[in-house]
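Pasted below: data-v3.csv, CSV, C-alpha atoms.
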chain,number,residue,atom,x,y,z
A,28,MET,CA,0.0,0.0,0.0
A,29,PRO,CA,1.5,3.4,-1.0
A,30,ASN,CA,2.3,5.7,1.9
A,31,LYS,CA,1.8,9.4,2.0
A,32,PRO,CA,5.3,10.3,0.8
A,33,ASP,CA,4.9,7.9,-2.1
A,34,VAL,CA,1.6,9.5,-3.2
A,35,LYS,CA,3.2,13.0,-2.8
A,36,ALA,CA,6.1,12.0,-4.9
A,37,TRP,CA,3.7,10.6,-7.6
A,38,LYS,CA,1.9,13.9,-7.7
A,39,ALA,CA,5.2,15.8,-8.0
A,40,GLN,CA,6.2,13.5,-10.8
A,41,LEU,CA,3.0,14.3,-12.8
A,42,VAL,CA,3.8,18.1,-12.6
A,43,ALA,CA,7.5,17.6,-13.3
A,44,GLN,CA,6.6,15.5,-16.4
A,45,ALA,CA,4.4,18.3,-17.7
A,46,GLU,CA,7.1,20.9,-17.1
A,47,GLN,CA,9.6,18.8,-19.0
A,48,GLN,CA,7.3,18.5,-22.0
A,49,ILE,CA,6.9,22.3,-22.0
A,50,LEU,CA,10.7,22.8,-21.9
A,51,LYS,CA,11.0,20.6,-25.0
A,52,LEU,CA,8.9,23.1,-27.0
A,53,THR,CA,11.8,24.4,-29.0
A,54,ASP,CA,10.7,23.8,-32.6
A,55,SER,CA,7.6,24.8,-34.5
A,56,ASP,CA,6.1,21.3,-34.9
A,57,ARG,CA,6.0,20.7,-31.2
A,58,PHE,CA,4.8,24.2,-30.5
A,59,LYS,CA,2.0,23.7,-33.0
A,60,GLN,CA,1.0,20.5,-31.2
A,61,TYR,CA,0.9,22.3,-27.9
A,62,LEU,CA,-1.2,25.1,-29.4
A,63,ASN,CA,-3.7,22.6,-30.8
A,64,THR,CA,-4.1,21.3,-27.2
A,65,LEU,CA,-4.6,24.8,-26.0
A,66,ALA,CA,-7.3,25.5,-28.6
A,67,LYS,CA,-9.2,22.4,-27.6
A,68,PHE,CA,-8.9,23.0,-23.8
A,69,HIS,CA,-8.9,26.8,-23.4
A,70,HIS,CA,-11.3,26.6,-20.5
A,71,TYR,CA,-8.9,24.4,-18.4
A,72,SER,CA,-6.3,25.9,-16.2
A,73,ALA,CA,-2.8,26.3,-17.5
A,74,ARG,CA,-1.7,23.6,-15.1
A,75,ASN,CA,-4.2,21.1,-16.5
A,76,ILE,CA,-3.5,22.0,-20.1
A,77,ASP,CA,0.1,21.2,-19.4
A,78,LEU,CA,-0.8,17.9,-17.7
A,79,ILE,CA,-3.1,16.8,-20.5
A,80,TYR,CA,-0.5,17.7,-23.1
A,81,ALA,CA,2.3,15.9,-21.3
A,82,GLN,CA,0.3,12.7,-21.0
A,83,ASN,CA,-1.6,12.7,-24.3
A,84,PRO,CA,-0.8,15.6,-26.8
A,85,LYS,CA,-3.5,14.3,-29.2
A,86,ALA,CA,-6.3,14.5,-26.6
A,87,THR,CA,-9.4,16.4,-27.8
A,88,GLN,CA,-12.0,16.0,-25.0
A,89,VAL,CA,-11.6,14.5,-21.6
A,90,ALA,CA,-14.0,13.3,-19.0
A,91,GLY,CA,-14.2,10.9,-16.0
A,92,PHE,CA,-15.0,7.2,-16.4
A,93,LYS,CA,-18.5,7.5,-15.1
A,94,GLN,CA,-19.1,10.9,-16.7
A,95,TRP,CA,-18.5,9.3,-20.2
A,96,GLN,CA,-21.3,6.9,-19.3
A,97,THR,CA,-23.9,9.2,-17.7
A,98,ALA,CA,-23.3,12.5,-19.7
A,99,PHE,CA,-22.3,11.1,-23.1
A,100,ASN,CA,-23.5,7.6,-23.2
A,101,ARG,CA,-20.0,6.3,-24.1
A,102,THR,CA,-17.9,3.6,-22.5
A,103,VAL,CA,-14.2,3.8,-21.7
A,104,LYS,CA,-12.3,1.0,-23.7
A,105,ARG,CA,-10.8,-1.8,-21.7
A,106,GLY,CA,-7.2,-1.2,-20.8
A,107,ALA,CA,-7.3,2.5,-21.5
A,108,LYS,CA,-4.6,4.5,-19.6
A,109,ALA,CA,-6.0,7.4,-17.6
A,110,ILE,CA,-4.9,11.0,-17.9
A,111,ARG,CA,-4.5,12.7,-14.5
A,112,ILE,CA,-5.7,16.3,-14.0
A,113,ALA,CA,-5.9,18.5,-10.9
A,114,ALA,CA,-9.5,18.9,-9.6
A,115,PRO,CA,-10.3,21.5,-6.9
A,116,ILE,CA,-12.0,20.5,-3.7
A,117,ILE,CA,-14.6,23.1,-2.9
A,118,LYS,CA,-16.0,23.6,0.6
A,119,LYS,CA,-18.8,25.7,1.9
A,120,LEU,CA,-17.5,28.1,4.5
A,121,THR,CA,-19.0,28.9,7.8
A,122,PRO,CA,-19.1,32.5,9.0
A,123,ALA,CA,-16.2,31.8,11.3
A,124,GLU,CA,-14.2,30.3,8.5
A,125,GLN,CA,-14.9,33.3,6.3
A,126,LYS,CA,-13.7,35.6,9.0
A,127,ARG,CA,-10.6,33.6,9.6
A,128,LEU,CA,-9.8,33.5,5.9
A,129,ASP,CA,-10.7,37.1,5.4
A,130,THR,CA,-13.2,36.5,2.6
A,131,THR,CA,-16.8,37.1,1.8
A,132,ASP,CA,-17.0,34.1,-0.6
A,133,GLU,CA,-19.5,31.4,0.5
A,134,ARG,CA,-17.2,28.6,-0.9
A,135,ALA,CA,-13.5,28.2,-1.2
A,136,ILE,CA,-11.0,25.8,-2.8
A,137,VAL,CA,-9.5,23.9,0.1
A,138,GLY,CA,-7.2,21.6,-1.8
A,139,TYR,CA,-6.7,19.5,-5.0
A,140,ARG,CA,-7.0,15.9,-6.0
A,141,TYR,CA,-5.5,14.3,-9.1
A,142,LEU,CA,-8.4,12.7,-10.9
A,143,PRO,CA,-8.3,10.1,-13.7
A,144,VAL,CA,-9.9,11.2,-16.9
A,145,PHE,CA,-10.0,9.7,-20.4
A,146,ASP,CA,-9.9,11.2,-23.9
A,147,VAL,CA,-12.8,10.6,-26.3
A,148,SER,CA,-10.5,8.5,-28.4
A,149,GLN,CA,-10.3,6.0,-25.5
A,150,THR,CA,-14.1,5.6,-25.5
A,151,SER,CA,-16.8,4.2,-27.8
A,152,GLY,CA,-20.5,5.0,-28.1
A,153,GLU,CA,-22.6,7.9,-29.3
A,154,PRO,CA,-20.9,10.8,-31.2
A,155,VAL,CA,-19.7,13.7,-29.2
A,156,LEU,CA,-20.0,17.3,-30.5
A,157,SER,CA,-17.0,19.6,-30.3
A,158,ALA,CA,-16.8,23.4,-30.5
A,159,LYS,CA,-16.1,23.2,-34.2
A,160,ASP,CA,-19.4,21.3,-34.8
A,161,PHE,CA,-21.3,24.5,-33.8
A,162,VAL,CA,-19.5,26.5,-36.5
A,163,LYS,CA,-21.0,26.2,-40.0
A,164,GLU,CA,-18.9,24.6,-42.7
A,165,ASN,CA,-18.8,27.7,-44.9
A,166,LEU,CA,-16.7,29.3,-42.2
A,167,ALA,CA,-14.5,26.3,-41.7
A,168,ASP,CA,-13.9,26.1,-45.4
A,169,HIS,CA,-12.3,29.6,-45.5
A,170,GLN,CA,-15.5,31.1,-47.0
A,171,ASN,CA,-17.5,34.0,-45.6
A,172,VAL,CA,-15.0,34.8,-42.9
A,173,THR,CA,-15.3,38.4,-43.9
A,174,SER,CA,-18.4,38.8,-41.8
A,175,LEU,CA,-16.5,37.7,-38.7
A,176,TYR,CA,-13.5,39.9,-39.6
A,177,ASN,CA,-15.7,42.9,-40.0
A,178,ALA,CA,-17.6,42.2,-36.7
A,179,PHE,CA,-14.4,41.8,-34.8
A,180,LYS,CA,-13.0,45.0,-36.4
A,181,ASP,CA,-16.2,46.9,-35.5
A,182,TYR,CA,-16.1,45.6,-32.0
A,183,LEU,CA,-12.5,46.8,-31.4
A,184,ASN,CA,-13.3,50.2,-32.9
A,185,GLN,CA,-16.5,50.7,-31.0
A,186,GLN,CA,-16.0,48.9,-27.7
A,187,THR,CA,-12.3,49.3,-27.0
A,188,ASP,CA,-9.7,52.1,-27.1
A,189,LEU,CA,-8.1,50.5,-30.1
A,190,LYS,CA,-8.4,51.9,-33.6
A,191,VAL,CA,-8.4,49.5,-36.5
A,192,SER,CA,-8.0,50.8,-40.1
A,193,GLU,CA,-7.1,49.4,-43.5
A,194,VAL,CA,-4.5,50.4,-46.1
A,195,PRO,CA,-3.5,48.9,-49.4
A,196,LEU,CA,-1.1,46.0,-49.1
A,197,GLU,CA,1.5,47.7,-51.4
A,198,THR,CA,2.1,50.3,-48.7
A,199,LEU,CA,3.0,47.8,-46.0
A,200,ASN,CA,6.4,46.7,-47.5
A,201,GLY,CA,5.5,43.0,-47.6
A,202,ALA,CA,3.7,42.9,-44.2
A,203,LYS,CA,0.0,41.9,-43.8
A,204,GLY,CA,-0.6,44.4,-41.0
A,205,TYR,CA,1.0,46.0,-37.9
A,206,PHE,CA,0.2,47.3,-34.5
A,207,GLN,CA,1.4,50.8,-33.6
A,208,PRO,CA,1.8,51.1,-29.8
A,209,SER,CA,2.3,54.9,-29.7
A,210,THR,CA,-1.2,55.5,-31.3
A,211,ASN,CA,-2.8,52.2,-30.1
A,212,GLU,CA,-3.7,51.5,-33.7
A,213,ILE,CA,-4.0,48.3,-35.7
A,214,VAL,CA,-3.4,48.6,-39.5
A,215,ILE,CA,-4.5,45.8,-41.8
A,216,GLY,CA,-3.9,45.2,-45.5
A,217,GLY,CA,-7.4,45.8,-46.7
A,218,ASP,CA,-7.1,44.2,-50.1
A,219,GLU,CA,-5.7,40.9,-48.9
A,220,PRO,CA,-7.5,38.3,-51.1
A,221,ASP,CA,-7.3,35.4,-48.5
A,222,ASN,CA,-10.1,36.2,-46.1
A,223,ALA,CA,-8.8,33.6,-43.5
A,224,LEU,CA,-5.3,35.2,-43.6
A,225,LYS,CA,-6.9,38.7,-43.2
A,226,LEU,CA,-8.8,37.5,-40.1
A,227,LYS,CA,-5.7,35.8,-38.7
A,228,THR,CA,-3.7,39.0,-39.2
A,229,LEU,CA,-6.3,40.9,-37.1
A,230,TYR,CA,-6.0,38.3,-34.4
A,231,HIS,CA,-2.2,38.5,-34.5
A,232,GLU,CA,-2.1,42.3,-34.2
A,233,TYR,CA,-4.8,42.3,-31.5
A,234,ALA,CA,-2.5,39.9,-29.5
A,235,HIS,CA,0.3,42.5,-29.9
A,236,SER,CA,-2.0,45.2,-28.6
A,237,GLN,CA,-2.8,43.2,-25.5
A,238,LEU,CA,0.7,41.8,-24.8
A,239,HIS,CA,3.0,44.4,-26.1
A,240,GLY,CA,1.3,47.8,-25.9
A,241,LEU,CA,2.8,50.8,-24.1
A,242,LYS,CA,1.1,49.9,-20.8
A,243,SER,CA,1.9,46.2,-21.0
A,244,ALA,CA,4.2,44.5,-18.6
A,245,PHE,CA,5.6,42.6,-21.5
A,246,LYS,CA,6.3,45.5,-23.9
A,247,ASP,CA,10.1,45.0,-23.7
A,248,ARG,CA,10.1,41.4,-24.8
A,249,PRO,CA,12.5,40.7,-27.7
A,250,ARG,CA,11.0,41.0,-31.2
A,251,ALA,CA,11.2,37.3,-32.0
A,252,TYR,CA,9.6,36.5,-28.7
A,253,GLN,CA,6.7,39.0,-29.4
A,254,GLU,CA,6.1,37.7,-32.9
A,255,THR,CA,6.0,34.1,-31.7
A,256,GLN,CA,3.5,35.0,-29.0
A,257,ALA,CA,1.2,37.0,-31.4
A,258,GLU,CA,1.3,34.2,-34.0
A,259,ALA,CA,0.5,31.7,-31.4
A,260,VAL,CA,-2.6,33.5,-30.2
A,261,ALA,CA,-3.8,34.0,-33.9
A,262,TYR,CA,-3.2,30.3,-34.5
A,263,VAL,CA,-5.2,29.2,-31.4
A,264,ALA,CA,-8.1,31.6,-32.3
A,265,MET,CA,-8.3,30.3,-35.9
A,266,GLN,CA,-8.2,26.7,-34.7
A,267,ASN,CA,-11.1,27.4,-32.3
A,268,ILE,CA,-13.4,28.4,-35.2
A,269,GLY,CA,-12.3,25.4,-37.3
A,270,VAL,CA,-10.0,27.2,-39.7
A,271,ASP,CA,-6.6,25.4,-40.2
A,272,THR,CA,-3.8,27.9,-40.7
A,273,SER,CA,-1.0,25.5,-40.2
A,274,ASN,CA,0.4,26.5,-43.6
A,275,TYR,CA,1.3,29.9,-42.1
A,276,SER,CA,4.5,30.2,-40.1
A,277,LEU,CA,4.2,29.9,-36.4
A,278,GLY,CA,7.6,31.5,-35.8
A,279,TYR,CA,10.4,29.8,-34.0
A,280,VAL,CA,10.1,28.9,-30.3
A,281,ALA,CA,13.8,28.2,-30.3
A,282,THR,CA,14.4,31.9,-30.0
A,283,TRP,CA,13.0,31.8,-26.5
A,284,ALA,CA,15.3,31.4,-23.6
A,285,LYS,CA,15.6,27.8,-22.4
A,286,ASP,CA,14.5,28.8,-18.9
A,287,LYS,CA,11.5,27.0,-17.3
A,288,ALA,CA,10.1,30.2,-15.7
A,289,VAL,CA,10.4,32.2,-18.9
A,290,ILE,CA,8.7,29.6,-21.0
A,291,HIS,CA,5.9,29.1,-18.5
A,292,SER,CA,5.4,32.8,-18.3
A,293,ALA,CA,5.2,33.1,-22.1
A,294,LEU,CA,2.7,30.2,-22.4
A,295,SER,CA,0.6,31.6,-19.6
A,296,GLU,CA,0.5,35.0,-21.5
A,297,ILE,CA,-0.5,33.2,-24.7
A,298,GLN,CA,-3.3,31.4,-22.9
A,299,GLN,CA,-4.7,34.5,-21.2
A,300,VAL,CA,-5.0,36.4,-24.5
A,301,SER,CA,-6.1,33.3,-26.4
A,302,ASN,CA,-9.0,32.8,-23.9
A,303,LYS,CA,-10.0,36.5,-24.4
A,304,VAL,CA,-10.0,36.2,-28.2
A,305,ILE,CA,-11.9,33.0,-28.2
A,306,GLU,CA,-14.6,34.4,-25.9
A,307,LEU,CA,-15.0,37.4,-28.2
A,308,SER,CA,-15.0,35.4,-31.3
A,309,ASP,CA,-17.6,32.9,-29.9
A,310,GLY,CA,-19.9,35.8,-29.0
A,311,LEU,CA,-19.5,37.4,-32.4
A,312,THR,CA,-20.1,34.1,-34.3
A,313,LYS,CA,-23.3,33.6,-32.3
A,314,GLN,CA,-24.5,37.1,-33.2
A,315,LEU,CA,-23.8,36.6,-36.8
A,316,GLY,CA,-25.7,33.3,-36.9
A,317,LEU,CA,-22.5,31.3,-37.6
A,318,GLN,CA,-23.2,29.0,-34.6
A,319,GLU,CA,-26.0,26.7,-33.9
A,320,ALA,CA,-28.1,27.5,-30.8
A,321,GLN,CA,-26.8,25.8,-27.6
A,322,LYS,CA,-28.8,24.8,-24.6
A,323,GLU,CA,-29.2,27.5,-22.0
A,324,PRO,CA,-27.4,26.8,-18.8
A,325,GLU,CA,-30.4,27.5,-16.5
A,326,HIS,CA,-32.6,24.7,-17.9
A,327,ASP,CA,-31.3,21.6,-16.1
A,328,LEU,CA,-27.7,21.8,-14.9
A,329,LYS,CA,-27.6,18.0,-14.2
A,330,GLU,CA,-28.1,17.3,-17.9
A,331,LEU,CA,-25.3,19.6,-19.1
A,332,SER,CA,-21.9,18.2,-20.1
A,333,ALA,CA,-18.9,19.2,-18.1
A,334,LEU,CA,-17.7,21.4,-21.0
A,335,THR,CA,-21.0,23.2,-21.3
A,336,LEU,CA,-21.2,23.6,-17.5
A,337,ASN,CA,-17.7,25.2,-17.4
A,338,GLN,CA,-18.6,27.5,-20.3
A,339,SER,CA,-21.8,28.5,-18.4
A,340,TYR,CA,-19.7,29.3,-15.3
A,341,GLN,CA,-17.2,31.4,-17.3
A,342,GLY,CA,-20.0,33.2,-19.1
A,343,LEU,CA,-21.9,34.0,-15.9
A,344,GLN,CA,-18.7,35.4,-14.3
A,345,GLN,CA,-18.3,37.8,-17.3
A,346,GLN,CA,-22.0,38.8,-17.1
A,347,ILE,CA,-21.7,39.6,-13.4
A,348,GLN,CA,-18.6,41.8,-14.1
A,349,GLN,CA,-20.5,43.7,-16.8
A,350,ALA,CA,-23.9,44.0,-15.1
A,351,THR,CA,-24.8,47.4,-13.8
A,352,ASN,CA,-28.3,46.7,-12.5
A,353,PRO,CA,-28.1,45.5,-8.8
A,354,GLN,CA,-31.1,43.1,-9.2
A,355,GLN,CA,-29.7,41.6,-12.4
A,356,LYS,CA,-26.3,41.2,-10.8
A,357,SER,CA,-28.0,39.4,-7.8
A,358,ASP,CA,-29.9,37.1,-10.1
A,359,LEU,CA,-26.7,36.2,-12.0
A,360,LYS,CA,-24.9,35.5,-8.8
A,361,ASP,CA,-27.7,33.1,-7.8
A,362,GLN,CA,-27.3,31.3,-11.2
A,363,LEU,CA,-23.5,31.2,-10.7
A,364,ASN,CA,-23.9,29.7,-7.2
A,365,ASP,CA,-26.2,27.0,-8.7
A,366,VAL,CA,-23.6,26.2,-11.4
A,367,HIS,CA,-20.8,26.3,-8.9
A,368,GLN,CA,-22.7,23.9,-6.6
A,369,GLU,CA,-23.3,21.5,-9.5
A,370,ILE,CA,-19.6,21.5,-10.4
A,371,SER,CA,-18.7,20.9,-6.7
A,372,ASP,CA,-21.2,18.1,-6.5
A,373,ARG,CA,-19.8,16.4,-9.6
A,374,THR,CA,-16.3,16.8,-8.3
A,375,GLN,CA,-17.2,15.2,-5.0
A,376,LYS,CA,-18.8,12.3,-6.8
A,377,GLN,CA,-15.8,11.8,-9.0
A,378,LEU,CA,-13.6,11.9,-5.9
A,379,GLN,CA,-15.8,9.3,-4.2
A,380,ALA,CA,-15.8,7.1,-7.3
A,381,PHE,CA,-12.0,7.4,-7.5
A,382,ALA,CA,-11.6,6.5,-3.9
A,383,GLU,CA,-13.9,3.4,-4.3
A,384,GLU,CA,-12.0,2.3,-7.4
A,385,ASN,CA,-8.6,2.9,-5.8
A,386,PRO,CA,-8.9,1.9,-2.1
A,387,SER,CA,-5.2,1.4,-1.7
A,388,ILE,CA,-4.4,5.1,-2.4
A,389,LYS,CA,-4.8,7.4,0.5
A,390,GLN,CA,-4.6,11.1,-0.7
A,391,PRO,CA,-2.8,13.4,1.8
A,392,LYS,CA,-5.0,16.3,2.9
A,393,SER,CA,-4.0,19.9,2.2
A,394,GLU,CA,-2.8,22.2,5.0
A,395,LEU,CA,-5.7,24.5,4.3
A,396,ASP,CA,-8.2,21.6,4.5
A,397,GLN,CA,-6.7,20.7,7.9
A,398,SER,CA,-6.9,24.2,9.2
A,399,LEU,CA,-10.5,24.6,8.3
A,400,LYS,CA,-11.4,21.7,10.6
A,401,HIS,CA,-9.6,23.2,13.7

In structure tokens, what does this structure look like?
Amino acid sequence: MPNKPDVKAWKAQLVAQAEQQILKLTDSDRFKQYLNTLAKFHHYSARNIDLIYAQNPKATQVAGFKQWQTAFNRTVKRGAKAIRIAAPIIKKLTPAEQKRLDTTDERAIVGYRYLPVFDVSQTSGEPVLSAKDFVKENLADHQNVTSLYNAFKDYLNQQTDLKVSEVPLETLNGAKGYFQPSTNEIVIGGDEPDNALKLKTLYHEYAHSQLHGLKSAFKDRPRAYQETQAEAVAYVAMQNIGVDTSNYSLGYVATWAKDKAVIHSALSEIQQVSNKVIELSDGLTKQLGLQEAQKEPEHDLKELSALTLNQSYQGLQQQIQQATNPQQKSDLKDQLNDVHQEISDRTQKQLQAFAEENPSIKQPKSELDQSLKH
């Protein structure tokens, strides 16, 4: 039977393995593979994206053993090797615990467990829809992306402090566009015949504006570093809407310093801006009618897939931040609490199922978990 030091060492090995995989990202092909993982799992934490990539770079959608059965009507294949991800343990706080932790939150993460999940390729059963299935084929086939480009450009001009304009390609000296930090302006080659490349260029320059503007903490990054980051965000954004731009250069990750902290920082920055771009694009494609209607989160939370539930949680958080009406904000918080509770309930069930399936493994409790019981 494994003792606590053995289990702790096993957990540390999982994280170390993920870190080693990230450190090996020193050529475009491996970087592209990592970005594909990022595009598929942009709602996961950076830590879990790293863990998934390290254990199965080709994974496209993961879920627990029982969740595949109950939520997707699929069965994990015999002998399939599990992928381990970190799942939060969420506890409802008493007033005394809230005071001691100096928080007004009703619930808090008190620790983590490494749960076994399986990729869809390791299962069989009913078909599973992916994000790309909600985007109509005319967009995935590089046609009619002009509407999304125009919508994104209008959004940036009307809803942000950025200014997006177009000029003839012949005036750009071979470039497709650029970002000017001094004026906070994005300039795009307006007569670019490839609509997909034109949209990707806008994503690329928008990434520059977010990562390398005058007020950015990362504005002094080396040029090669900046270009790689911006290209990465554009690639992830295009992958998310189902448009393959792998024939365009991703830059060279080998120009980055071979330092673990620097590389993790760079990937974290890419993920943050990619998440933002993906959320914006998803909202715009829905407005343009380029996505099929999805089930509203408030209908029956127990029937929602884990992916949809996480998307609902993210969306409600954004709506709460944007809401100005007190009553509306209160209603949204109630919905968020319901979704939060459902996520917590599912996590606890997964933990219980894992414990039942693996009676020999005793997970060490976190220091915070212990302190809450004193």

| request: Could you jot down the atom CA of A:Thr255 to atom CA of A:Lys67 separation for me, Å, one decimal place? | output: 19.6 Å

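Residues of protein, DNA or RNA having at least one counted atom within 10 Å of (-6.7, 42.5, -48.1), given only C-alpha atoms, are Glu193, Val194, Pro195, Leu196, Lys203, Gly204, Ile215, Gly216, Gly217, Asp218, Glu219, Pro220, Asp221, Asn222, Leu224, Lys225 and Leu226 of chain A.
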
| query | Which residues come within 9 Å of A:Tyr205, counting all atoms listed in the file, excluding same-chain residues fewer than 5 positions away, as a VMD selection string? | reply | chain A and resid 199 212 to 215 228 to 229 231 to 232 235

| For the atom pair atom CA of A:Pro122 and atom CA of A:Gln341, what is the interatomic distance in Å to one decimal place? | 26.4 Å

Would you place a box with edges along x, y and z of the file around all atoms of stretch 224-243 of chain A listed there, add 4 Å to each of its six sides, and report the centre and edge lengths in Å to one decimal, as AutoDock Vina command-line options?
--center_x -2.9 --center_y 43.0 --center_z -32.2 --size_x 19.8 --size_y 23.6 --size_z 30.8

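Comparing A:Tyr182, A:Tyr61, A:Phe92, A:Tyr176 by their smallest distance to A:Thr150, the closest is A:Phe92 (using only C-alpha atoms).
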
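The smallest atom-to-atom distance between A:Arg140 and any of A:Gly240, A:Gly342, A:Gly269, A:Pro115, using all atoms listed in the file, is found for A:Pro115.
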
I need every residue sitting at most 10 Å from the point (-12.0, 32.7, -30.7) (coordinates as in the file, all atoms listed in the file considered), written as a short mmCIF file (atom, residue, chain, number, x, y, z; two decimals) with C-alpha atoms, in the coordinates of the input.
data_model
loop_
_atom_site.label_atom_id
_atom_site.label_comp_id
_atom_site.auth_asym_id
_atom_site.auth_seq_id
_atom_site.Cartn_x
_atom_site.Cartn_y
_atom_site.Cartn_z
CA ALA A 66 -7.30 25.50 -28.60
CA HIS A 69 -8.90 26.80 -23.40
CA TYR A 230 -6.00 38.30 -34.40
CA VAL A 260 -2.60 33.50 -30.20
CA ALA A 261 -3.80 34.00 -33.90
CA TYR A 262 -3.20 30.30 -34.50
CA VAL A 263 -5.20 29.20 -31.40
CA ALA A 264 -8.10 31.60 -32.30
CA MET A 265 -8.30 30.30 -35.90
CA GLN A 266 -8.20 26.70 -34.70
CA ASN A 267 -11.10 27.40 -32.30
CA ILE A 268 -13.40 28.40 -35.20
CA GLY A 269 -12.30 25.40 -37.30
CA SER A 301 -6.10 33.30 -26.40
CA ASN A 302 -9.00 32.80 -23.90
CA LYS A 303 -10.00 36.50 -24.40
CA VAL A 304 -10.00 36.20 -28.20
CA ILE A 305 -11.90 33.00 -28.20
CA GLU A 306 -14.60 34.40 -25.90
CA LEU A 307 -15.00 37.40 -28.20
CA SER A 308 -15.00 35.40 -31.30
CA ASP A 309 -17.60 32.90 -29.90
CA GLY A 310 -19.90 35.80 -29.00
CA LEU A 311 -19.50 37.40 -32.40
CA THR A 312 -20.10 34.10 -34.30
#

| field | Interatomic distance, atom CA of A:Asp365 to atom CA of A:Ala73 (Å, one decimal) | value | 25.0 Å

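In this comparison, which uses only C-alpha atoms, the residue of A:Lys227, A:Gln60, A:Pro249, A:Ala244 approaching A:Phe179 most closely is A:Lys227.
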
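Take the candidates A:Gln375, A:Tyr252, A:Ser295, A:Ala234 and check each one against A:Leu142 using only C-alpha atoms; the shortest distance goes to A:Gln375.
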